[in-house]
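Below is the file data-v8.cif, which contains mmCIF, C-alpha atoms and all ligand atoms.
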data_entry
#
loop_
_atom_site.group_PDB
_atom_site.id
_atom_site.type_symbol
_atom_site.label_atom_id
_atom_site.label_comp_id
_atom_site.auth_asym_id
_atom_site.auth_seq_id
_atom_site.Cartn_x
_atom_site.Cartn_y
_atom_site.Cartn_z
ATOM 1 C CA MET A 1 12.860 128.971 104.332
ATOM 2 C CA LEU A 2 12.792 132.705 104.968
ATOM 3 C CA ALA A 3 13.908 134.209 108.287
ATOM 4 C CA LEU A 4 13.368 137.785 109.421
ATOM 5 C CA THR A 5 15.193 139.669 112.149
ATOM 6 C CA GLY A 6 14.012 142.905 113.745
ATOM 7 C CA SER A 7 10.325 141.969 113.917
ATOM 8 C CA THR A 8 10.016 143.488 117.418
ATOM 9 C CA GLY A 9 10.932 146.830 115.813
ATOM 10 C CA HIS A 10 9.394 149.194 113.286
ATOM 11 C CA VAL A 11 10.753 148.111 109.897
ATOM 12 C CA GLY A 12 11.010 144.416 110.739
ATOM 13 C CA GLY A 13 7.548 144.429 112.316
ATOM 14 C CA LEU A 14 5.990 145.827 109.158
ATOM 15 C CA VAL A 15 7.863 143.272 107.032
ATOM 16 C CA ALA A 16 6.814 140.367 109.264
ATOM 17 C CA ARG A 17 3.142 141.343 109.001
ATOM 18 C CA ALA A 18 3.394 141.843 105.236
ATOM 19 C CA LEU A 19 5.032 138.448 104.693
ATOM 20 C CA ALA A 20 3.137 136.369 107.252
ATOM 21 C CA ASP A 21 1.552 134.372 104.400
ATOM 22 C CA LEU A 22 5.028 133.008 103.523
ATOM 23 C CA ALA A 23 5.360 131.577 107.059
ATOM 24 C CA PRO A 24 8.784 133.109 107.735
ATOM 25 C CA ARG A 25 10.737 132.312 110.885
ATOM 26 C CA LEU A 26 11.163 135.259 113.240
ATOM 27 C CA VAL A 27 14.608 135.607 114.816
ATOM 28 C CA VAL A 28 14.331 137.924 117.817
ATOM 29 C CA ARG A 29 16.226 138.732 120.988
ATOM 30 C CA ASP A 30 13.228 138.325 123.265
ATOM 31 C CA PRO A 31 10.600 135.811 122.076
ATOM 32 C CA SER A 32 8.012 137.213 124.508
ATOM 33 C CA ARG A 33 8.054 140.425 122.426
ATOM 34 C CA ALA A 34 7.744 138.784 118.997
ATOM 35 C CA PRO A 35 4.634 139.873 117.085
ATOM 36 C CA ALA A 36 1.779 137.416 117.583
ATOM 37 C CA LEU A 37 1.443 136.218 114.006
ATOM 38 C CA GLY A 38 1.425 132.482 114.587
ATOM 39 C CA LEU A 39 4.947 132.167 113.160
ATOM 40 C CA GLU A 40 7.913 130.112 114.326
ATOM 41 C CA VAL A 41 10.099 132.174 116.646
ATOM 42 C CA ARG A 42 13.732 131.557 117.521
ATOM 43 C CA SER A 43 15.974 133.627 119.688
ATOM 44 C CA ALA A 44 19.376 135.163 118.899
ATOM 45 C CA ASP A 45 21.280 138.358 119.546
ATOM 46 C CA TYR A 46 23.599 139.367 116.696
ATOM 47 C CA ALA A 47 26.544 139.044 119.070
ATOM 48 C CA ASP A 48 25.757 135.419 119.962
ATOM 49 C CA ARG A 49 27.236 133.094 117.321
ATOM 50 C CA GLU A 50 25.925 129.841 118.818
ATOM 51 C CA ALA A 51 22.385 131.160 119.163
ATOM 52 C CA ALA A 52 22.543 132.553 115.635
ATOM 53 C CA LEU A 53 23.683 129.212 114.204
ATOM 54 C CA ALA A 54 20.762 127.473 115.890
ATOM 55 C CA ALA A 55 18.249 130.165 114.943
ATOM 56 C CA LEU A 56 19.307 130.152 111.288
ATOM 57 C CA GLU A 57 19.401 126.390 110.803
ATOM 58 C CA GLY A 58 17.695 125.480 107.533
ATOM 59 C CA VAL A 59 17.259 129.115 106.436
ATOM 60 C CA ASP A 60 17.819 129.979 102.765
ATOM 61 C CA VAL A 61 16.948 133.667 102.688
ATOM 62 C CA LEU A 62 17.533 136.078 105.577
ATOM 63 C CA PHE A 63 16.244 139.617 106.114
ATOM 64 C CA MET A 64 18.696 141.287 108.474
ATOM 65 C CA VAL A 65 17.683 144.570 110.053
ATOM 66 C CA SER A 66 20.785 146.469 111.154
ATOM 67 C CA GLY A 67 21.215 146.374 114.917
ATOM 68 C CA ALA A 68 20.886 149.037 117.567
ATOM 69 C CA GLU A 69 23.682 151.605 117.786
ATOM 70 C CA ALA A 70 26.491 150.221 119.929
ATOM 71 C CA ARG A 71 30.198 150.674 120.307
ATOM 72 C CA ASP A 72 30.788 147.129 119.065
ATOM 73 C CA ARG A 73 28.066 147.047 116.414
ATOM 74 C CA ARG A 74 30.518 146.123 113.655
ATOM 75 C CA ASP A 75 31.584 143.024 115.582
ATOM 76 C CA GLN A 76 27.974 142.113 116.359
ATOM 77 C CA HIS A 77 27.027 142.371 112.693
ATOM 78 C CA ARG A 78 30.086 140.396 111.584
ATOM 79 C CA THR A 79 29.301 137.648 114.104
ATOM 80 C CA PHE A 80 25.734 137.292 112.850
ATOM 81 C CA ILE A 81 26.697 137.500 109.168
ATOM 82 C CA GLY A 82 29.401 134.873 109.697
ATOM 83 C CA ALA A 83 26.938 132.593 111.470
ATOM 84 C CA ALA A 84 24.429 133.043 108.650
ATOM 85 C CA ALA A 85 26.963 131.943 106.057
ATOM 86 C CA GLU A 86 28.029 129.007 108.246
ATOM 87 C CA ALA A 87 24.404 127.961 108.766
ATOM 88 C CA GLY A 88 23.946 127.771 105.005
ATOM 89 C CA VAL A 89 21.990 130.964 104.311
ATOM 90 C CA GLU A 90 22.227 131.613 100.573
ATOM 91 C CA HIS A 91 20.913 135.158 100.288
ATOM 92 C CA ILE A 92 20.879 138.006 102.798
ATOM 93 C CA VAL A 93 18.849 141.196 102.483
ATOM 94 C CA TYR A 94 20.410 143.866 104.703
ATOM 95 C CA THR A 95 19.163 147.326 105.698
ATOM 96 C CA SER A 96 22.183 149.524 105.031
ATOM 97 C CA PHE A 97 22.571 153.299 104.808
ATOM 98 C CA ALA A 98 22.493 155.634 101.802
ATOM 99 C CA GLY A 99 26.108 156.511 101.093
ATOM 100 C CA ALA A 100 27.563 153.651 103.137
ATOM 101 C CA ALA A 101 31.328 154.031 102.648
ATOM 102 C CA PRO A 102 34.534 153.710 104.650
ATOM 103 C CA ASP A 103 34.768 157.515 104.796
ATOM 104 C CA ALA A 104 31.048 158.346 105.023
ATOM 105 C CA THR A 105 30.432 161.679 106.748
ATOM 106 C CA PHE A 106 27.718 160.048 108.873
ATOM 107 C CA THR A 107 29.955 157.872 110.991
ATOM 108 C CA LEU A 108 27.428 155.039 111.291
ATOM 109 C CA GLY A 109 27.463 154.849 107.482
ATOM 110 C CA ARG A 110 30.980 153.449 107.940
ATOM 111 C CA ASP A 111 29.575 150.621 110.083
ATOM 112 C CA HIS A 112 27.087 149.822 107.349
ATOM 113 C CA HIS A 113 29.919 149.715 104.809
ATOM 114 C CA ASP A 114 31.685 147.247 107.080
ATOM 115 C CA ALA A 115 28.586 145.034 107.249
ATOM 116 C CA GLU A 116 28.223 145.188 103.466
ATOM 117 C CA GLN A 117 31.863 144.155 103.108
ATOM 118 C CA ALA A 118 31.376 141.231 105.507
ATOM 119 C CA ILE A 119 28.387 140.085 103.470
ATOM 120 C CA ARG A 120 30.262 140.383 100.169
ATOM 121 C CA GLU A 121 33.204 138.449 101.631
ATOM 122 C CA SER A 122 30.885 135.715 102.952
ATOM 123 C CA GLY A 123 29.974 134.576 99.443
ATOM 124 C CA MET A 124 26.226 134.788 100.149
ATOM 125 C CA ARG A 125 24.060 136.479 97.562
ATOM 126 C CA PHE A 126 22.945 139.843 98.853
ATOM 127 C CA THR A 127 20.525 142.684 98.411
ATOM 128 C CA PHE A 128 21.418 145.951 100.117
ATOM 129 C CA LEU A 129 18.644 148.368 100.983
ATOM 130 C CA ARG A 130 20.587 151.571 101.539
ATOM 131 C CA ASP A 131 18.125 153.711 103.463
ATOM 132 C CA ASN A 132 18.387 157.465 103.807
ATOM 133 C CA PHE A 133 17.506 158.880 107.252
ATOM 134 C CA TYR A 134 14.022 157.847 108.312
ATOM 135 C CA ALA A 135 11.522 160.620 107.604
ATOM 136 C CA ASP A 136 9.209 159.586 110.419
ATOM 137 C CA LEU A 137 12.040 160.101 112.914
ATOM 138 C CA LEU A 138 13.193 163.591 111.850
ATOM 139 C CA PRO A 139 10.779 165.549 114.113
ATOM 140 C CA TRP A 140 12.167 163.666 117.104
ATOM 141 C CA PHE A 141 15.476 165.463 116.525
ATOM 142 C CA ALA A 142 13.749 168.483 118.140
ATOM 143 C CA ASP A 143 14.234 169.308 121.793
ATOM 144 C CA ASP A 144 11.402 170.211 124.197
ATOM 145 C CA SER A 145 11.352 173.776 122.905
ATOM 146 C CA GLY A 146 10.779 172.517 119.338
ATOM 147 C CA ALA A 147 14.296 173.392 118.150
ATOM 148 C CA ILE A 148 16.114 171.058 115.789
ATOM 149 C CA ARG A 149 19.676 172.173 116.458
ATOM 150 C CA GLY A 150 22.780 171.122 114.581
ATOM 151 C CA PRO A 151 25.440 171.974 112.006
ATOM 152 C CA ALA A 152 23.362 171.081 108.919
ATOM 153 C CA GLY A 153 23.672 174.487 107.214
ATOM 154 C CA ASN A 154 21.376 174.740 104.222
ATOM 155 C CA GLY A 155 22.014 171.113 103.309
ATOM 156 C CA GLN A 156 19.159 168.847 102.300
ATOM 157 C CA VAL A 157 18.026 165.378 103.301
ATOM 158 C CA ALA A 158 16.053 162.980 101.096
ATOM 159 C CA ALA A 159 14.586 161.145 104.080
ATOM 160 C CA VAL A 160 12.606 157.956 103.443
ATOM 161 C CA ALA A 161 9.518 156.650 105.231
ATOM 162 C CA ARG A 162 10.123 153.444 107.164
ATOM 163 C CA ARG A 163 6.920 152.142 105.595
ATOM 164 C CA ASP A 164 8.573 152.486 102.166
ATOM 165 C CA VAL A 165 11.639 150.586 103.358
ATOM 166 C CA ALA A 166 9.322 147.799 104.501
ATOM 167 C CA ASP A 167 7.396 147.872 101.210
ATOM 168 C CA VAL A 168 10.653 147.466 99.267
ATOM 169 C CA ALA A 169 11.807 144.691 101.583
ATOM 170 C CA GLU A 170 8.527 142.859 100.984
ATOM 171 C CA VAL A 171 8.942 143.066 97.207
ATOM 172 C CA VAL A 172 12.542 141.853 97.395
ATOM 173 C CA LEU A 173 11.804 139.014 99.810
ATOM 174 C CA ARG A 174 8.909 137.695 97.729
ATOM 175 C CA ASP A 175 11.302 137.171 94.797
ATOM 176 C CA PRO A 176 14.869 137.360 96.112
ATOM 177 C CA MET A 177 16.582 135.936 93.023
ATOM 178 C CA ALA A 178 15.281 138.846 90.959
ATOM 179 C CA HIS A 179 17.247 141.151 93.283
ATOM 180 C CA ALA A 180 20.413 139.085 93.726
ATOM 181 C CA ASP A 181 23.521 141.206 94.283
ATOM 182 C CA ALA A 182 21.544 144.436 93.833
ATOM 183 C CA THR A 183 21.980 147.620 95.836
ATOM 184 C CA TYR A 184 19.003 149.949 96.160
ATOM 185 C CA VAL A 185 19.135 153.460 97.547
ATOM 186 C CA LEU A 186 15.858 154.234 99.279
ATOM 187 C CA THR A 187 14.881 157.877 99.600
ATOM 188 C CA GLY A 188 11.836 160.034 99.856
ATOM 189 C CA PRO A 189 10.433 161.859 96.810
ATOM 190 C CA GLU A 190 12.330 165.108 97.492
ATOM 191 C CA ALA A 191 15.266 166.555 99.388
ATOM 192 C CA LEU A 192 14.422 169.067 102.128
ATOM 193 C CA SER A 193 16.439 171.368 104.341
ATOM 194 C CA LEU A 194 15.941 170.910 108.075
ATOM 195 C CA ALA A 195 14.195 174.302 108.151
ATOM 196 C CA GLU A 196 11.668 172.907 105.656
ATOM 197 C CA VAL A 197 11.410 169.650 107.619
ATOM 198 C CA ALA A 198 10.696 171.616 110.803
ATOM 199 C CA GLU A 199 8.013 173.736 109.185
ATOM 200 C CA ARG A 200 6.244 170.892 107.392
ATOM 201 C CA ALA A 201 6.553 168.375 110.229
ATOM 202 C CA GLY A 202 5.342 170.988 112.717
ATOM 203 C CA ALA A 203 2.231 171.560 110.600
ATOM 204 C CA VAL A 204 1.391 167.842 110.614
ATOM 205 C CA LEU A 205 2.132 167.333 114.299
ATOM 206 C CA GLY A 206 0.549 170.597 115.481
ATOM 207 C CA ARG A 207 3.827 171.613 117.123
ATOM 208 C CA GLU A 208 5.954 174.706 116.728
ATOM 209 C CA LEU A 209 9.188 173.299 115.283
ATOM 210 C CA HIS A 210 12.114 175.286 113.933
ATOM 211 C CA TYR A 211 15.699 174.727 112.867
ATOM 212 C CA GLU A 212 18.603 176.428 114.630
ATOM 213 C CA GLU A 213 22.114 176.345 113.225
ATOM 214 C CA GLU A 214 24.969 175.277 115.517
ATOM 215 C CA THR A 215 28.657 175.132 114.715
ATOM 216 C CA VAL A 216 30.249 171.687 114.937
ATOM 217 C CA ASP A 217 31.932 172.701 118.209
ATOM 218 C CA GLU A 218 28.625 173.961 119.632
ATOM 219 C CA ALA A 219 26.930 170.724 118.601
ATOM 220 C CA TYR A 220 29.475 168.592 120.452
ATOM 221 C CA ALA A 221 29.320 170.875 123.489
ATOM 222 C CA SER A 222 25.506 170.921 123.704
ATOM 223 C CA ARG A 223 25.240 167.151 123.472
ATOM 224 C CA ARG A 224 28.111 166.572 125.870
ATOM 225 C CA ALA A 225 26.358 168.823 128.385
ATOM 226 C CA ALA A 226 22.971 167.122 127.982
ATOM 227 C CA TYR A 227 23.984 163.451 127.820
ATOM 228 C CA ASP A 228 26.550 161.189 129.369
ATOM 229 C CA ALA A 229 27.501 159.812 125.948
ATOM 230 C CA ALA A 230 30.654 158.178 124.616
ATOM 231 C CA ASP A 231 32.668 159.844 121.867
ATOM 232 C CA TRP A 232 31.510 157.426 119.154
ATOM 233 C CA GLN A 233 27.893 158.268 120.037
ATOM 234 C CA LEU A 234 28.563 162.023 119.936
ATOM 235 C CA ASP A 235 30.287 161.578 116.567
ATOM 236 C CA ALA A 236 27.237 159.725 115.252
ATOM 237 C CA TRP A 237 24.809 162.378 116.485
ATOM 238 C CA VAL A 238 26.784 165.363 115.210
ATOM 239 C CA SER A 239 27.641 163.735 111.884
ATOM 240 C CA THR A 240 23.940 163.216 111.220
ATOM 241 C CA TYR A 241 23.890 166.999 110.678
ATOM 242 C CA THR A 242 27.243 167.394 108.935
ATOM 243 C CA ALA A 243 26.191 164.655 106.492
ATOM 244 C CA ILE A 244 23.143 166.754 105.659
ATOM 245 C CA ALA A 245 25.316 169.894 105.406
ATOM 246 C CA ASP A 246 27.718 168.406 102.873
ATOM 247 C CA GLY A 247 25.028 166.933 100.642
ATOM 248 C CA SER A 248 25.808 163.272 101.428
ATOM 249 C CA CYS A 249 22.109 162.585 102.049
ATOM 250 C CA ALA A 250 20.546 164.822 99.423
ATOM 251 C CA ALA A 251 20.371 162.539 96.383
ATOM 252 C CA VAL A 252 16.824 161.495 95.464
ATOM 253 C CA THR A 253 16.325 158.138 93.752
ATOM 254 C CA ASP A 254 13.274 156.498 92.220
ATOM 255 C CA ASP A 255 14.082 153.069 93.663
ATOM 256 C CA VAL A 256 10.991 153.021 95.914
ATOM 257 C CA LEU A 257 8.758 153.767 92.924
ATOM 258 C CA ARG A 258 10.533 151.321 90.605
ATOM 259 C CA LEU A 259 10.412 148.475 93.101
ATOM 260 C CA THR A 260 7.013 148.945 94.733
ATOM 261 C CA GLY A 261 5.076 150.607 91.918
ATOM 262 C CA HIS A 262 3.970 153.445 94.196
ATOM 263 C CA PRO A 263 5.665 156.829 94.728
ATOM 264 C CA ALA A 264 7.828 157.246 97.782
ATOM 265 C CA ARG A 265 5.835 158.737 100.649
ATOM 266 C CA THR A 266 6.161 162.443 101.379
ATOM 267 C CA LEU A 267 7.248 163.685 104.806
ATOM 268 C CA GLU A 268 3.600 164.378 105.606
ATOM 269 C CA GLN A 269 2.506 160.875 104.596
ATOM 270 C CA ALA A 270 5.340 159.348 106.601
ATOM 271 C CA LEU A 271 4.342 161.304 109.702
ATOM 272 C CA ARG A 272 0.639 160.533 109.327
ATOM 273 C CA GLY A 273 1.470 156.824 109.019
ATOM 274 C CA GLU A 274 -0.184 156.662 105.591
HETATM 275 N N1 LIG A 301 18.176 155.463 108.542
HETATM 276 C C1 LIG A 301 17.850 155.958 109.740
HETATM 277 O O1 LIG A 301 17.468 157.141 109.903
HETATM 278 C C2 LIG A 301 17.894 155.091 110.931
HETATM 279 C C3 LIG A 301 17.464 155.613 112.144
HETATM 280 C C4 LIG A 301 17.438 154.784 113.234
HETATM 281 C C5 LIG A 301 17.864 153.479 113.098
HETATM 282 N N2 LIG A 301 18.302 153.000 111.921
HETATM 283 C C6 LIG A 301 18.738 151.596 111.739
HETATM 284 O O2 LIG A 301 17.661 150.903 111.096
HETATM 285 C C7 LIG A 301 17.287 149.770 111.890
HETATM 286 C C8 LIG A 301 15.797 149.508 111.769
HETATM 287 O O3 LIG A 301 15.082 150.643 112.167
HETATM 288 P P1 LIG A 301 13.787 150.492 113.063
HETATM 289 O O4 LIG A 301 13.164 151.839 113.111
HETATM 290 O O5 LIG A 301 12.976 149.321 112.625
HETATM 291 O O6 LIG A 301 14.484 150.204 114.488
HETATM 292 P P2 LIG A 301 13.812 149.585 115.796
HETATM 293 O O7 LIG A 301 12.357 149.845 115.822
HETATM 294 O O8 LIG A 301 14.642 150.054 116.937
HETATM 295 O O9 LIG A 301 14.030 148.009 115.606
HETATM 296 C C9 LIG A 301 15.306 147.457 115.586
HETATM 297 C C10 LIG A 301 15.145 145.949 115.598
HETATM 298 O O10 LIG A 301 16.425 145.351 115.530
HETATM 299 C C11 LIG A 301 16.566 144.460 116.645
HETATM 300 N N3 LIG A 301 17.945 144.470 117.097
HETATM 301 C C12 LIG A 301 18.666 145.553 117.462
HETATM 302 N N4 LIG A 301 19.876 145.193 117.861
HETATM 303 C C13 LIG A 301 19.931 143.833 117.752
HETATM 304 C C14 LIG A 301 20.931 142.879 118.043
HETATM 305 N N5 LIG A 301 22.123 143.239 118.529
HETATM 306 N N6 LIG A 301 20.646 141.571 117.823
HETATM 307 C C15 LIG A 301 19.440 141.206 117.350
HETATM 308 N N7 LIG A 301 18.443 142.082 117.049
HETATM 309 C C16 LIG A 301 18.688 143.386 117.263
HETATM 310 C C17 LIG A 301 15.660 145.024 117.707
HETATM 311 O O11 LIG A 301 15.367 144.035 118.670
HETATM 312 P P3 LIG A 301 14.892 144.440 120.167
HETATM 313 O O12 LIG A 301 13.415 144.731 120.060
HETATM 314 O O13 LIG A 301 15.213 143.242 120.967
HETATM 315 O O14 LIG A 301 15.686 145.656 120.567
HETATM 316 C C18 LIG A 301 14.464 145.438 116.882
HETATM 317 O O15 LIG A 301 13.663 144.348 116.548
HETATM 318 C C19 LIG A 301 17.761 150.134 113.303
HETATM 319 O O16 LIG A 301 17.983 148.967 114.077
HETATM 320 C C20 LIG A 301 19.040 150.894 113.032
HETATM 321 O O17 LIG A 301 20.146 150.024 112.817
HETATM 322 C C21 LIG A 301 18.309 153.780 110.835
#

Give the structure from the file, written as structure tokens.
Amino acid sequence: MLALTGSTGHVGGLVARALADLAPRLVVRDPSRAPALGLEVRSADYADREAALAALEGVDVLFMVSGAEARDRRDQHRTFIGAAAEAGVEHIVYTSFAGAAPDATFTLGRDHHDAEQAIRESGMRFTFLRDNFYADLLPWFADDSGAIRGPAGNGQVAAVARRDVADVAEVVLRDPMAHADATYVLTGPEALSLAEVAERAGAVLGRELHYEEETVDEAYASRRAAYDAADWQLDAWVSTYTAIADGSCAAVTDDVLRLTGHPARTLEQALRGE
């Protein structure tokens, strides 16, 4: 029995459609929003241990999409991972982050490291899909004037298309044992500066986009002024740029090609939904 989380979202939705022939169980927060694929649906939030135990009953292999950003996301993930192990799940496939580490520059990469640790400690087999930043989301970093502002310097980002993450997940979930205890780093085919991202994404979207450098202090100040956000959220936003600046997100891998048999999508392909 295969169970998939996140099917009301982008990556999980693509994976659910791709694997519908395997009759997976969909574990969602709100069953009324589950994709209409004729599949069994059960309800659980990652933070709800009892619901997770019930939703994961009888499941052997679990695809776990990392949860929404939250102050207590580490606890939520640990609760769900613990429930999965207790329910008897044997293998978990988790969407992590490229460069997940306790001291990752991108602060949410530290959360992903924590989830990976919880999975390793649980004794379940695992496959980690360590995704770079999502290419199809990069243009949405721009404000209304088309400026992508942040302290990214001339650093580069090897952003990956969400469609490629889903393609890899499909391959892994069709034959999980072949990917037991493997870690894949999913990137696009090239590393680009944010100035290049702005120019190329603008051309696809028919929008004037450009990159504007901020200092770290300016980045905190501009976001603090625009949003009523907690410190952990500001840290996550600003460190998205500093992680690009220091090269943490620049490494290009061929894991998408090796696993799926097709080249990783370019920024243009990701934005056109190809
Ligand atoms: N690498 C990157 O650049 C990047 C960027 C953004 C996000 N991410 C991470 O990658 C994940 C997948 O991306 P996506 O684009 O598919 O995101 P998405 O469209 O927002 O979908 C996220 C899915 O996870 C579910 N979910 C979130 N929090 C949950 C919780 N506490 N308990 C149970 N289910 C929960 C959501 O359910 P609901 O529909 O009920 O909310 C939704 O189905 C995100 O959730 C996030 O952790 C990575």

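The interatomic distance for the pair atom CA of A:Arg223 and atom CA of A:Ala236 works out to 11.3 Å.
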
**Q.** Point-to-point distance from atom O7 of ligand LIG 301 (chain A) to atom CA of A:Leu53, Å rounded to tenths
**A.** 23.6 Å

**Q.** Interatomic distance (Å, one decimal) between atom CA of A:Val216 and atom CA of A:Thr105
**A.**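 These two atoms are separated by 12.9 Å.
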
Residues around (11.8, 175.7, 106.2), cut-off 12 Å, counting only C-alpha atoms - what are they as a short mmCIF file (atom, residue, chain, number, x, y, z; two decimals) with C-alpha atoms, in the frame of the given file?
data_model
loop_
_atom_site.label_atom_id
_atom_site.label_comp_id
_atom_site.auth_asym_id
_atom_site.auth_seq_id
_atom_site.Cartn_x
_atom_site.Cartn_y
_atom_site.Cartn_z
CA ILE A 148 16.11 171.06 115.79
CA GLY A 153 23.67 174.49 107.21
CA ASN A 154 21.38 174.74 104.22
CA GLY A 155 22.01 171.11 103.31
CA GLN A 156 19.16 168.85 102.30
CA ALA A 191 15.27 166.56 99.39
CA LEU A 192 14.42 169.07 102.13
CA SER A 193 16.44 171.37 104.34
CA LEU A 194 15.94 170.91 108.08
CA ALA A 195 14.20 174.30 108.15
CA GLU A 196 11.67 172.91 105.66
CA VAL A 197 11.41 169.65 107.62
CA ALA A 198 10.70 171.62 110.80
CA GLU A 199 8.01 173.74 109.18
CA ARG A 200 6.24 170.89 107.39
CA ALA A 201 6.55 168.38 110.23
CA GLY A 202 5.34 170.99 112.72
CA ALA A 203 2.23 171.56 110.60
CA LEU A 209 9.19 173.30 115.28
CA HIS A 210 12.11 175.29 113.93
CA TYR A 211 15.70 174.73 112.87
CA GLU A 212 18.60 176.43 114.63
#

**Q.** Test item: residues no farther than 9 Å from ligand LIG 301 (chain A), counting only C-alpha atoms and all ligand atoms, as a VMD selection string
**A.** chain A and resid 5 to 14 27 to 31 33 to 34 43 to 48 64 to 70 73 76 to 77 80 95 to 98 108 112 130 to 138 159 to 160 162 240

Q.
Could you check the closest approach to A:Asp143 for each of A:Glu208, A:Asp164, A:Glu121, A:Asp175 and tell me which residue wins, using all atoms listed in the file?
A. A:Glu208

Q | Given only C-alpha atoms as the counted atoms, nearest of A:Arg163, A:Arg125, A:Arg42, A:Arg74 to A:Gly109 | A |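 For A:Gly109, the nearest of the candidates is A:Arg74.
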
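Of the residues under consideration (A:Glu170, A:Glu213, A:Glu116, A:Arg258), A:Glu213 shows the shortest atom-to-atom contact distance to A:Pro151 when counting only C-alpha atoms.
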
Q.
Can you spell out as a ChimeraX atom specification the set of residues that the PyMOL selection byres (((chain A and resi 23) around 10) and not hetatm) selects in the structure I just provided?
A. /A:1-3,16,19-22,24-26,37-40
